[in-house]
>>> print(open('my_file34.cif').read())   # mmCIF, C-alpha atoms
data_target
#
loop_
_atom_site.label_atom_id
_atom_site.label_comp_id
_atom_site.auth_asym_id
_atom_site.auth_seq_id
_atom_site.Cartn_x
_atom_site.Cartn_y
_atom_site.Cartn_z
CA MET T 1 -38.44 139.35 9.78
CA THR T 2 -37.95 137.81 6.38
CA ASP T 3 -36.50 134.39 5.58
CA ALA T 4 -33.37 136.03 4.21
CA ALA T 5 -32.78 137.69 7.57
CA PHE T 6 -33.03 134.33 9.35
CA ALA T 7 -30.60 132.84 6.86
CA ASP T 8 -28.09 135.63 7.41
CA GLU T 9 -28.32 135.41 11.20
CA ALA T 10 -25.55 133.15 12.57
CA ASP T 11 -26.29 130.40 15.06
CA PRO T 12 -23.95 130.86 18.05
CA PHE T 13 -24.16 127.12 18.93
CA ALA T 14 -23.46 125.77 15.45
CA GLU T 15 -20.07 124.18 14.72
CA PRO T 16 -17.98 125.99 12.16
CA LEU T 17 -18.02 124.37 8.77
CA GLY T 18 -14.84 123.97 6.80
CA ASP T 19 -13.27 121.86 4.10
CA ASP T 20 -10.58 120.63 6.49
CA ARG T 21 -13.02 118.84 8.84
CA PRO T 22 -12.22 115.06 9.00
CA ILE T 23 -14.87 112.81 7.52
CA ALA T 24 -15.35 109.36 9.14
CA THR T 25 -15.32 106.50 6.62
CA GLU T 26 -16.02 102.80 7.22
CA ARG T 27 -13.83 100.28 5.38
CA VAL T 28 -15.49 97.06 4.27
CA LEU T 29 -13.39 93.88 4.10
CA ASN T 30 -13.40 91.99 0.84
CA GLN T 31 -13.85 88.21 0.60
CA ASP T 32 -10.12 87.43 0.47
CA GLU T 33 -9.48 89.39 3.67
CA ILE T 34 -12.38 87.65 5.42
CA ASP T 35 -11.03 84.22 4.39
CA SER T 36 -7.57 85.18 5.61
CA LEU T 37 -8.98 86.36 8.95
CA LEU T 38 -10.93 83.15 9.47
CA GLY T 39 -8.04 80.98 8.27
CA PHE T 40 -9.83 79.45 5.27
CA ASP T 41 -7.83 79.30 2.07
CA LEU T 42 -9.48 77.37 -0.75
CA GLY T 43 -6.23 77.20 -2.67
CA ASP T 44 -4.35 75.54 0.19
CA ASP T 45 -5.09 71.82 0.01
CA ASP T 46 -1.75 70.45 1.15
CA GLY T 47 -2.54 70.68 4.85
CA SER T 48 0.14 73.29 5.52
CA GLU T 49 0.09 75.70 8.44
CA ARG T 50 -2.96 77.91 8.73
CA SER T 51 -3.56 81.17 10.55
CA GLY T 52 -6.53 83.05 11.92
CA ILE T 53 -9.51 81.76 13.86
CA ARG T 54 -9.26 78.30 12.30
CA ALA T 55 -5.73 77.92 13.64
CA ILE T 56 -6.98 78.80 17.13
CA ILE T 57 -9.76 76.21 16.86
CA ASN T 58 -7.31 73.52 15.72
CA SER T 59 -4.66 74.45 18.28
CA ALA T 60 -5.82 71.60 20.53
CA LEU T 61 -4.61 69.07 17.95
CA VAL T 62 -1.25 67.55 18.80
CA SER T 63 1.18 67.52 15.91
CA TYR T 64 2.57 64.13 14.99
CA GLU T 65 6.04 65.72 15.05
CA ARG T 66 5.86 65.52 18.83
CA LEU T 67 5.89 61.73 18.42
CA PRO T 68 9.12 61.21 16.44
CA MET T 69 9.04 57.42 16.63
CA LEU T 70 5.81 57.31 14.60
CA GLU T 71 7.61 58.33 11.44
CA ILE T 72 10.14 55.53 11.92
CA VAL T 73 7.34 53.02 12.48
CA PHE T 74 5.46 54.07 9.34
CA ASP T 75 8.62 54.09 7.21
CA ARG T 76 9.15 50.51 8.32
CA LEU T 77 5.51 49.77 7.46
CA VAL T 78 6.05 51.04 3.90
CA ARG T 79 9.01 48.71 3.37
CA LEU T 80 7.14 45.72 4.78
CA MET T 81 4.02 46.44 2.71
CA THR T 82 6.05 46.68 -0.49
CA THR T 83 7.36 43.14 -0.01
CA SER T 84 4.09 41.67 1.29
CA LEU T 85 1.88 43.12 -1.45
CA ARG T 86 4.30 41.94 -4.12
CA ASN T 87 3.94 38.42 -2.77
CA PHE T 88 0.18 38.87 -2.39
CA THR T 89 -0.47 40.10 -5.94
CA SER T 90 2.50 38.51 -7.77
CA ASP T 91 2.94 41.89 -9.41
CA ASN T 92 5.36 44.79 -9.24
CA VAL T 93 3.95 46.86 -6.37
CA GLU T 94 5.38 50.15 -5.14
CA VAL T 95 4.20 51.60 -1.81
CA SER T 96 4.98 55.21 -0.91
CA LEU T 97 4.19 57.35 2.12
CA ASP T 98 2.38 60.53 1.09
CA ASN T 99 2.13 62.32 4.42
CA ILE T 100 1.36 62.02 8.12
CA SER T 101 -0.97 64.56 9.67
CA SER T 102 -3.28 65.23 12.61
CA ILE T 103 -7.00 65.55 12.03
CA ARG T 104 -10.24 65.51 13.95
CA PHE T 105 -12.11 62.25 13.55
CA GLY T 106 -15.35 63.93 12.50
CA ASP T 107 -13.59 65.99 9.82
CA TYR T 108 -11.98 62.85 8.43
CA LEU T 109 -15.28 60.97 8.17
CA ASN T 110 -16.76 63.87 6.22
CA SER T 111 -13.79 63.97 3.84
CA ILE T 112 -13.77 60.28 2.82
CA PRO T 113 -14.44 60.00 -0.93
CA LEU T 114 -17.18 57.45 -1.50
CA PRO T 115 -17.52 54.69 -2.54
CA ALA T 116 -14.85 53.16 -0.34
CA ILE T 117 -14.39 50.26 2.06
CA LEU T 118 -13.60 51.10 5.68
CA ALA T 119 -11.93 48.37 7.71
CA VAL T 120 -12.31 48.76 11.48
CA PHE T 121 -9.63 46.89 13.43
CA ARG T 122 -8.84 46.43 17.09
CA ALA T 123 -5.43 46.91 18.68
CA GLU T 124 -5.58 44.20 21.33
CA GLU T 125 -2.73 45.26 23.62
CA LEU T 126 -3.73 48.93 23.36
CA ASP T 127 -7.41 48.11 24.02
CA ASN T 128 -8.74 50.45 21.37
CA TYR T 129 -9.62 50.69 17.68
CA GLY T 130 -8.23 52.04 14.43
CA MET T 131 -9.50 52.34 10.88
CA LEU T 132 -8.15 51.54 7.43
CA THR T 133 -9.75 53.16 4.38
CA VAL T 134 -9.34 51.63 0.91
CA ASP T 135 -10.45 53.84 -1.96
CA SER T 136 -12.39 52.58 -4.96
CA ASN T 137 -9.45 52.81 -7.40
CA LEU T 138 -7.38 50.43 -5.29
CA ILE T 139 -10.33 48.09 -4.75
CA TYR T 140 -10.94 47.60 -8.46
CA SER T 141 -7.20 47.39 -9.14
CA ILE T 142 -6.71 44.64 -6.55
CA VAL T 143 -9.71 42.71 -7.87
CA ASP T 144 -8.40 43.06 -11.41
CA VAL T 145 -4.91 41.87 -10.48
CA LEU T 146 -5.98 38.94 -8.30
CA LEU T 147 -8.49 37.66 -10.86
CA GLY T 148 -5.98 37.67 -13.70
CA GLY T 149 -6.61 40.96 -15.43
CA ARG T 150 -4.27 41.76 -18.29
CA ARG T 151 -1.49 44.25 -17.74
CA GLY T 152 -1.61 47.54 -19.54
CA THR T 153 -5.37 47.93 -19.19
CA ALA T 154 -6.91 50.22 -16.60
CA ALA T 155 -9.20 48.60 -14.04
CA LEU T 156 -12.88 48.85 -14.94
CA ARG T 157 -14.70 51.06 -12.49
CA ILE T 158 -18.45 50.67 -12.11
CA GLU T 159 -20.23 53.38 -10.16
CA GLY T 160 -23.62 53.29 -8.53
CA ARG T 161 -23.61 49.74 -7.17
CA PRO T 162 -22.53 48.18 -3.86
CA TYR T 163 -19.43 46.05 -3.67
CA THR T 164 -19.98 42.37 -4.33
CA THR T 165 -19.11 39.57 -1.93
CA ILE T 166 -16.08 38.60 -4.03
CA GLU T 167 -14.76 42.16 -3.99
CA ARG T 168 -15.22 42.44 -0.23
CA VAL T 169 -13.47 39.11 0.40
CA LEU T 170 -10.48 40.07 -1.76
CA VAL T 171 -10.19 43.45 -0.07
CA GLN T 172 -10.45 41.76 3.33
CA ARG T 173 -7.50 39.53 2.45
CA MET T 174 -5.45 42.58 1.46
CA VAL T 175 -6.42 44.40 4.68
CA GLU T 176 -5.29 41.41 6.73
CA VAL T 177 -1.91 41.54 4.97
CA VAL T 178 -1.57 45.25 5.78
CA LEU T 179 -2.53 44.72 9.43
CA ALA T 180 0.04 41.94 9.74
CA ASP T 181 2.68 44.34 8.41
CA ALA T 182 1.52 47.00 10.88
CA ARG T 183 2.02 44.53 13.72
CA ALA T 184 5.54 43.80 12.46
CA ALA T 185 6.26 47.55 12.14
CA PHE T 186 5.33 48.17 15.78
CA GLU T 187 7.11 45.03 17.02
CA PRO T 188 10.51 46.66 17.77
CA LEU T 189 8.70 49.31 19.80
CA THR T 190 5.99 47.29 21.54
CA PRO T 191 4.12 44.05 20.78
CA VAL T 192 0.64 44.82 19.47
CA HIS T 193 -1.77 42.71 17.42
CA PHE T 194 -4.19 44.36 15.00
CA ASN T 195 -7.24 42.16 14.42
CA LEU T 196 -9.85 42.99 11.78
CA ASP T 197 -13.21 43.68 13.39
CA ARG T 198 -15.52 44.50 10.46
CA LEU T 199 -15.80 46.02 6.99
CA GLU T 200 -18.09 48.98 6.38
CA THR T 201 -19.06 51.06 3.36
CA ASN T 202 -20.91 53.79 5.26
CA PRO T 203 -18.68 56.09 7.35
CA ARG T 204 -21.45 56.53 9.92
CA PHE T 205 -21.16 52.85 10.85
CA ALA T 206 -17.37 53.04 11.20
CA ALA T 207 -17.34 55.51 14.10
CA ILE T 208 -14.58 54.50 16.52
CA ALA T 209 -14.18 57.83 18.33
CA ARG T 210 -16.02 61.06 19.04
CA PRO T 211 -16.09 63.57 16.17
CA ALA T 212 -13.98 66.11 18.10
CA ASN T 213 -11.26 63.62 19.07
CA ALA T 214 -7.86 63.99 17.45
CA ALA T 215 -6.28 61.22 15.40
CA ILE T 216 -3.18 60.44 13.36
CA LEU T 217 -3.83 60.06 9.62
CA VAL T 218 -1.30 58.22 7.45
CA LYS T 219 -1.82 58.35 3.67
CA LEU T 220 -0.19 55.60 1.62
CA ARG T 221 -0.02 55.35 -2.16
CA ILE T 222 0.05 51.91 -3.82
CA ASP T 223 1.06 51.68 -7.49
CA MET T 224 0.94 48.56 -9.65
CA GLU T 225 2.32 49.75 -12.99
CA ASP T 226 -0.65 51.60 -14.52
CA ARG T 227 -3.05 50.66 -11.72
CA GLY T 228 -3.24 51.55 -8.06
CA GLY T 229 -4.91 53.66 -5.42
CA ARG T 230 -4.69 54.87 -1.84
CA ILE T 231 -4.85 53.39 1.63
CA GLU T 232 -5.39 55.66 4.62
CA LEU T 233 -4.57 54.47 8.13
CA LEU T 234 -6.23 56.35 10.98
CA LEU T 235 -5.21 55.87 14.62
CA PRO T 236 -6.94 57.95 17.33
CA TYR T 237 -4.65 59.49 19.92
CA ALA T 238 -6.55 57.50 22.55
CA THR T 239 -5.26 54.33 20.88
CA LEU T 240 -1.65 55.54 21.01
CA GLU T 241 -1.86 56.91 24.55
CA PRO T 242 -0.58 53.71 26.30
CA ILE T 243 2.65 53.84 24.25
CA ARG T 244 2.97 57.62 24.12
CA LYS T 245 6.22 57.63 26.12
CA MET T 246 7.77 55.21 23.64
CA LEU T 247 6.66 57.33 20.69
CA LEU T 248 8.30 60.39 22.25
CA GLN T 249 11.74 58.81 21.85
CA GLN T 250 14.08 60.32 19.28
CA PHE T 251 15.58 56.89 18.59
CA MET T 252 14.91 53.28 19.54
CA GLY T 253 15.80 52.45 23.14
CA GLU T 254 16.33 56.04 24.27
CA LYS T 255 16.44 56.49 28.04
CA PHE T 256 15.28 59.78 29.51
CA GLY T 257 17.89 61.07 31.95
CA ARG T 258 19.05 57.66 33.21
CA ASP T 259 22.66 56.54 33.44
CA ASN T 260 23.12 52.89 34.39
CA ILE T 261 26.81 53.38 35.24
CA TRP T 262 26.05 56.24 37.62
CA GLU T 263 23.15 54.30 39.17
CA GLY T 264 25.43 51.33 39.83
CA HIS T 265 28.15 53.52 41.33
CA LEU T 266 25.65 55.32 43.56
CA ALA T 267 24.15 52.03 44.75
CA THR T 268 27.64 50.73 45.61
CA GLU T 269 28.52 53.83 47.62
CA LEU T 270 25.25 53.74 49.53
#
>>> encode(input="my_file34.cif", output="structure tokens")
Amino acid sequence: MTDAAFADEADPFAEPLGDDRPIATERVLNQDEIDSLLGFDLGDDDGSERSGIRAIINSALVSYERLPMLEIVFDRLVRLMTTSLRNFTSDNVEVSLDNISSIRFGDYLNSIPLPAILAVFRAEELDNYGMLTVDSNLIYSIVDVLLGGRRGTAALRIEGRPYTTIERVLVQRMVEVVLADARAAFEPLTPVHFNLDRLETNPRFAAIARPANAAILVKLRIDMEDRGGRIELLLPYATLEPIRKMLLQQFMGEKFGRDNIWEGHLATEL
């Protein structure tokens, strides 16, 4: 039998061929779709809500909005710092609150722009620590103002060298002023004293919590005419845990479900 005969002979077990048979195709995700799935958006730097796997990972973080009294405390801190830093520098100082957010401690350490000075302080009544970060722009601006620098000239910034003893001492004085204002801001809520423990320039030596622990991050902007910089206050949730019930209040002195008049009437009847 010839090859042509084999070709003409039909295979009874073969599937019929036709143009209408569905063809399976595999769709490949592009980079934007992968980033959206994972929850990483390079264009979103404002800390807004995220979706995807990253949102699931960060779901354990408690939003500061669940602690309404914190915003009142930090608004009070801004007003106190404005007055105190004006007296400290004898200059026109404006302090503004940029934002309040939740962050993991390890992520924050990796995001600190260096060089910077990190002030580790202890909250005595809360028996835990916090951290204050002063960026390089504010450091050189404070040094320039306190040592009589002329107005209208930007502070000279020298990179590639460690901070001198004079710079560290001047920054330490400013940090002590800020911590005193923080104590006054918390005073209506609960008495707490913030005492400076040490100054560090390497974030590795300023570890006050585990990298996975959640913390409150408060970003403050300090402007002195054409000079200024940022201060970032970080308080781990473990530090705020002893006063968590107070921070849950919607307003100062709120009582949860208690009525003194009804309690007195019930006690009289019993």
>>> atom_distance(input="my_file34.cif", atom1="CA of Leu234 in chain T", atom2="CA of Tyr140 in chain T")
21.8 Å
>>> resolve_selection(input="my_file34.cif", expression="the PyMOL selection byres ((chain T and resi 79) around 12)", output="number ranges by chain")
T: 72-78, 80-86, 93-97, 178, 181-182, 184-185, 220, 222
>>> resolve_selection(input="my_file34.cif", expression="the PyMOL selection byres ((chain T and resi 68) around 8)", output="list in words")
Tyr64, Glu65, Arg66, Leu67, Met69, Leu70, Glu71, Ile72, Leu247, Leu248, Gln249 and Gln250 of chain T
>>> write_last_selection(input="my_file34.cif", atoms="C-alpha atoms", output="short mmCIF file (atom, residue, chain, number, x, y, z; two decimals), in the frame of the given file")
data_model
loop_
_atom_site.label_atom_id
_atom_site.label_comp_id
_atom_site.auth_asym_id
_atom_site.auth_seq_id
_atom_site.Cartn_x
_atom_site.Cartn_y
_atom_site.Cartn_z
CA TYR T 64 2.57 64.13 14.99
CA GLU T 65 6.04 65.72 15.05
CA ARG T 66 5.86 65.52 18.83
CA LEU T 67 5.89 61.73 18.42
CA MET T 69 9.04 57.42 16.63
CA LEU T 70 5.81 57.31 14.60
CA GLU T 71 7.61 58.33 11.44
CA ILE T 72 10.14 55.53 11.92
CA LEU T 247 6.66 57.33 20.69
CA LEU T 248 8.30 60.39 22.25
CA GLN T 249 11.74 58.81 21.85
CA GLN T 250 14.08 60.32 19.28
#
>>> residues_around(input="my_file34.cif", residues="range 187-196 of chain T", least_positions_apart="6", cutoff="9 Å", atoms="only C-alpha atoms", output="list of chain:residue names")
T:Met69, T:Val73, T:Ala119, T:Val120, T:Phe121, T:Arg122, T:Ala123, T:Glu124, T:Glu125, T:Leu126, T:Tyr129, T:Gly130, T:Gln172, T:Val175, T:Glu176, T:Leu179, T:Ala180, T:Ile243, T:Met246, T:Leu247, T:Met252, T:Gly253
>>> atom_distance(input="my_file34.cif", atom1="CA of Gly106 in chain T", atom2="CA of Arg210 in chain T")
7.2 Å
>>> decode(input="my_file34.cif", residues="range 121-136 of chain T", atoms="N, CA and C atoms", output="short mmCIF file (atom, residue, chain, number, x, y, z; two decimals), in the first residue's frame")
data_model
loop_
_atom_site.label_atom_id
_atom_site.label_comp_id
_atom_site.auth_asym_id
_atom_site.auth_seq_id
_atom_site.Cartn_x
_atom_site.Cartn_y
_atom_site.Cartn_z
N PHE T 121 14.45 58.76 74.09
CA PHE T 121 14.00 59.27 75.38
C PHE T 121 13.17 58.21 76.08
N ARG T 122 13.05 58.38 77.38
CA ARG T 122 12.31 57.42 78.20
C ARG T 122 11.07 58.10 78.79
N ALA T 123 9.94 57.44 78.65
CA ALA T 123 8.70 57.89 79.29
C ALA T 123 8.62 57.20 80.65
N GLU T 124 8.91 57.96 81.70
CA GLU T 124 9.10 57.36 83.02
C GLU T 124 7.84 56.66 83.52
N GLU T 125 6.70 57.36 83.53
CA GLU T 125 5.48 56.77 84.07
C GLU T 125 4.96 55.62 83.21
N LEU T 126 5.29 55.64 81.92
CA LEU T 126 4.84 54.57 81.02
C LEU T 126 5.85 53.43 80.94
N ASP T 127 7.03 53.63 81.52
CA ASP T 127 8.06 52.59 81.61
C ASP T 127 8.43 52.04 80.23
N ASN T 128 8.66 52.95 79.29
CA ASN T 128 9.07 52.52 77.96
C ASN T 128 9.76 53.69 77.26
N TYR T 129 10.13 53.48 76.00
CA TYR T 129 10.95 54.45 75.29
C TYR T 129 10.22 55.00 74.07
N GLY T 130 10.73 56.13 73.58
CA GLY T 130 10.29 56.73 72.33
C GLY T 130 11.51 57.30 71.63
N MET T 131 11.30 57.84 70.44
CA MET T 131 12.42 58.34 69.65
C MET T 131 12.02 59.62 68.92
N LEU T 132 12.97 60.53 68.86
CA LEU T 132 12.78 61.81 68.18
C LEU T 132 13.88 61.94 67.13
N THR T 133 13.49 62.14 65.88
CA THR T 133 14.46 62.24 64.78
C THR T 133 14.51 63.68 64.28
N VAL T 134 15.71 64.23 64.24
CA VAL T 134 15.93 65.60 63.75
C VAL T 134 16.73 65.50 62.46
N ASP T 135 16.17 66.00 61.35
CA ASP T 135 16.88 65.87 60.08
C ASP T 135 17.99 66.90 59.96
N SER T 136 18.85 66.70 58.97
CA SER T 136 20.05 67.53 58.85
C SER T 136 19.72 68.98 58.54
#
